[in-house]
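K.L.:
Can you keep this structure in mind? I'll have questions shortly.
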Amino acid sequence: MATQVQEIKNMAIKLKSLRYPLSEEFQTIAILTTLPSKWNTICDIILNKTGKISLQATIDALLEHETVLKHDQENALVSSQSYFSQIPTQRVLKDRCAQIARDLVILWTNVGPRVEEWKERD
């Protein structure tokens with residue numbers, strides 16, 4: 001983002017040296033129109049503000065938005081990594097199933113004979 005802004009500023013300086021100065025408002029619009037479509041929402045917010053468009057305020061808003069996007073992206077990456085690190089491996093699942101099977105055998109061995117007694121009582 002900062003490089004795009006700097007390119008537009010450099011073009012404005014070159015044009016000024018050729019006696020074709022660009023107003024800050026035009027520079028602001030040039031910056032906003034060069035942004036990718038995923039930035040349309042922030043562009044709309046900036047353009048729909050009341051009053052004159054400020055170049056520096058626009059640059060500040062875009063850089064802040066870029067920081068927020070990077071932060072959100074990093075958080076999503078960390079969240080997905082922690083999620084996948086919590087998924088048990090196939091070996092762990094097999095071990096758990098084997099333990100459950102052993103527990104069921106022990107349970108049935110101890111309780112199974114009594115089930116018939118309980119059925120007879122009812």
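Identifiers for the structure tokens are assigned positionally: chains receive A, B, ... in sequence, residues are indexed from 1 per chain, and ligands are indexed from 1 in the order shown.
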DSSP on the backbone: what in chain A comes out helix (DSSP H, G or I), as JSON, numbers by chain?
P.N.:
{"A": [2, 3, 4, 5, 6, 7, 8, 9, 10, 11, 12, 13, 14, 15, 16, 17, 24, 25, 26, 27, 28, 29, 30, 31, 32, 33, 37, 38, 39, 40, 41, 42, 43, 44, 45, 46, 47, 55, 56, 57, 58, 59, 60, 61, 62, 63, 64, 65, 66, 67, 68, 69, 70, 71, 72, 73, 74, 75, 76, 77, 78, 79, 80, 81, 82, 83, 84, 85, 86, 90, 91, 92, 93, 94, 95, 96, 97, 98, 99, 100, 101, 102, 103, 104, 105, 106, 107, 108, 109, 110, 111, 112, 113, 114, 115, 116, 117, 118, 119, 120, 121]}
K.L.:
Go ahead and write the residues just picked, C-alpha atoms, as a compact mmCIF listing (two decimals), in the first residue's frame.
P.N.:
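Done, and the output landed in out.txt:
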```txt
# COMPACT_ATOMS: atom_id res chain seq x y z
CA ALA A 2 2.72 2.44 0.95
CA THR A 3 4.48 1.84 -2.38
CA GLN A 4 1.30 2.61 -4.34
CA VAL A 5 0.85 5.83 -2.41
CA GLN A 6 4.48 6.79 -2.95
CA GLU A 7 4.23 6.14 -6.71
CA ILE A 8 1.25 8.50 -7.00
CA LYS A 9 3.05 11.14 -4.93
CA ASN A 10 6.13 10.81 -7.16
CA MET A 11 3.99 11.23 -10.28
CA ALA A 12 2.42 14.33 -8.74
CA ILE A 13 5.89 15.77 -8.05
CA LYS A 14 6.99 15.07 -11.65
CA LEU A 15 3.84 16.66 -13.04
CA LYS A 16 4.34 19.68 -10.79
CA SER A 17 7.90 20.08 -12.08
CA GLU A 24 -4.40 16.76 -3.26
CA GLU A 25 -7.99 15.84 -3.98
CA PHE A 26 -7.04 14.47 -7.41
CA GLN A 27 -4.11 12.58 -5.89
CA THR A 28 -6.49 11.07 -3.34
CA ILE A 29 -8.88 9.94 -6.07
CA ALA A 30 -5.94 8.52 -8.06
CA ILE A 31 -4.86 6.47 -5.04
CA LEU A 32 -8.38 5.19 -4.41
CA THR A 33 -8.94 4.18 -8.02
CA SER A 37 -11.54 -4.49 -5.72
CA LYS A 38 -11.27 -6.06 -2.26
CA TRP A 39 -10.69 -2.51 -0.98
CA ASN A 40 -13.99 -1.18 -2.42
CA THR A 41 -15.67 -0.94 0.98
CA ILE A 42 -12.99 1.28 2.51
CA CYS A 43 -12.93 3.38 -0.67
CA ASP A 44 -16.69 3.88 -0.47
CA ILE A 45 -16.40 4.91 3.17
CA ILE A 46 -13.69 7.45 2.38
CA LEU A 47 -15.52 8.86 -0.65
CA LEU A 55 -4.94 13.24 1.04
CA GLN A 56 -3.20 12.59 4.35
CA ALA A 57 -6.40 11.42 6.08
CA THR A 58 -7.04 9.04 3.18
CA ILE A 59 -3.51 7.66 3.32
CA ASP A 60 -3.78 7.22 7.08
CA ALA A 61 -7.14 5.42 6.74
CA LEU A 62 -5.79 3.11 4.03
CA LEU A 63 -2.65 2.24 5.99
CA GLU A 64 -4.74 1.58 9.11
CA HIS A 65 -7.09 -0.61 7.08
CA GLU A 66 -4.12 -2.51 5.67
CA THR A 67 -2.80 -3.09 9.20
CA VAL A 68 -6.20 -4.38 10.33
CA LEU A 69 -6.37 -6.75 7.34
CA LYS A 70 -2.90 -8.11 8.08
CA HIS A 71 -3.77 -8.53 11.75
CA ASP A 72 -7.01 -10.37 10.89
CA GLN A 73 -5.12 -12.58 8.46
CA GLU A 74 -2.48 -13.43 11.08
CA ASN A 75 -5.19 -14.21 13.65
CA ALA A 76 -6.97 -16.49 11.19
CA LEU A 77 -3.71 -18.30 10.48
CA VAL A 78 -2.94 -18.76 14.19
CA SER A 79 -6.49 -19.97 14.84
CA SER A 80 -6.36 -22.52 12.04
CA GLN A 81 -2.95 -23.76 13.19
CA SER A 82 -4.15 -24.24 16.76
CA TYR A 83 -7.31 -25.95 15.51
CA PHE A 84 -5.37 -28.43 13.39
CA SER A 85 -2.87 -29.07 16.17
CA GLN A 86 -5.78 -30.19 18.39
CA GLN A 90 -5.09 -41.59 13.52
CA ARG A 91 -2.86 -43.44 16.00
CA VAL A 92 -4.41 -41.59 18.94
CA LEU A 93 -7.90 -42.42 17.69
CA LYS A 94 -7.01 -46.11 17.33
CA ASP A 95 -5.61 -46.14 20.86
CA ARG A 96 -8.78 -44.52 22.23
CA CYS A 97 -10.99 -47.00 20.41
CA ALA A 98 -8.92 -49.90 21.72
CA GLN A 99 -9.24 -48.57 25.28
CA ILE A 100 -13.00 -48.17 24.89
CA ALA A 101 -13.24 -51.74 23.59
CA ARG A 102 -11.25 -53.02 26.58
CA ASP A 103 -13.46 -51.05 28.95
CA LEU A 104 -16.59 -52.50 27.33
CA VAL A 105 -15.25 -56.05 27.70
CA ILE A 106 -14.52 -55.46 31.38
CA LEU A 107 -17.92 -53.86 31.87
CA TRP A 108 -19.77 -56.68 30.14
CA THR A 109 -17.77 -59.28 32.05
CA ASN A 110 -18.81 -57.71 35.36
CA VAL A 111 -22.33 -56.59 34.51
CA GLY A 112 -23.39 -58.99 31.73
CA PRO A 113 -24.36 -61.93 33.99
CA ARG A 114 -26.42 -59.61 36.18
CA VAL A 115 -28.42 -58.34 33.20
CA GLU A 116 -30.14 -61.71 32.93
CA GLU A 117 -30.95 -61.60 36.66
CA TRP A 118 -32.43 -58.12 36.31
CA LYS A 119 -34.53 -59.19 33.34
CA GLU A 120 -35.93 -62.09 35.33
CA ARG A 121 -36.90 -59.79 38.23
```
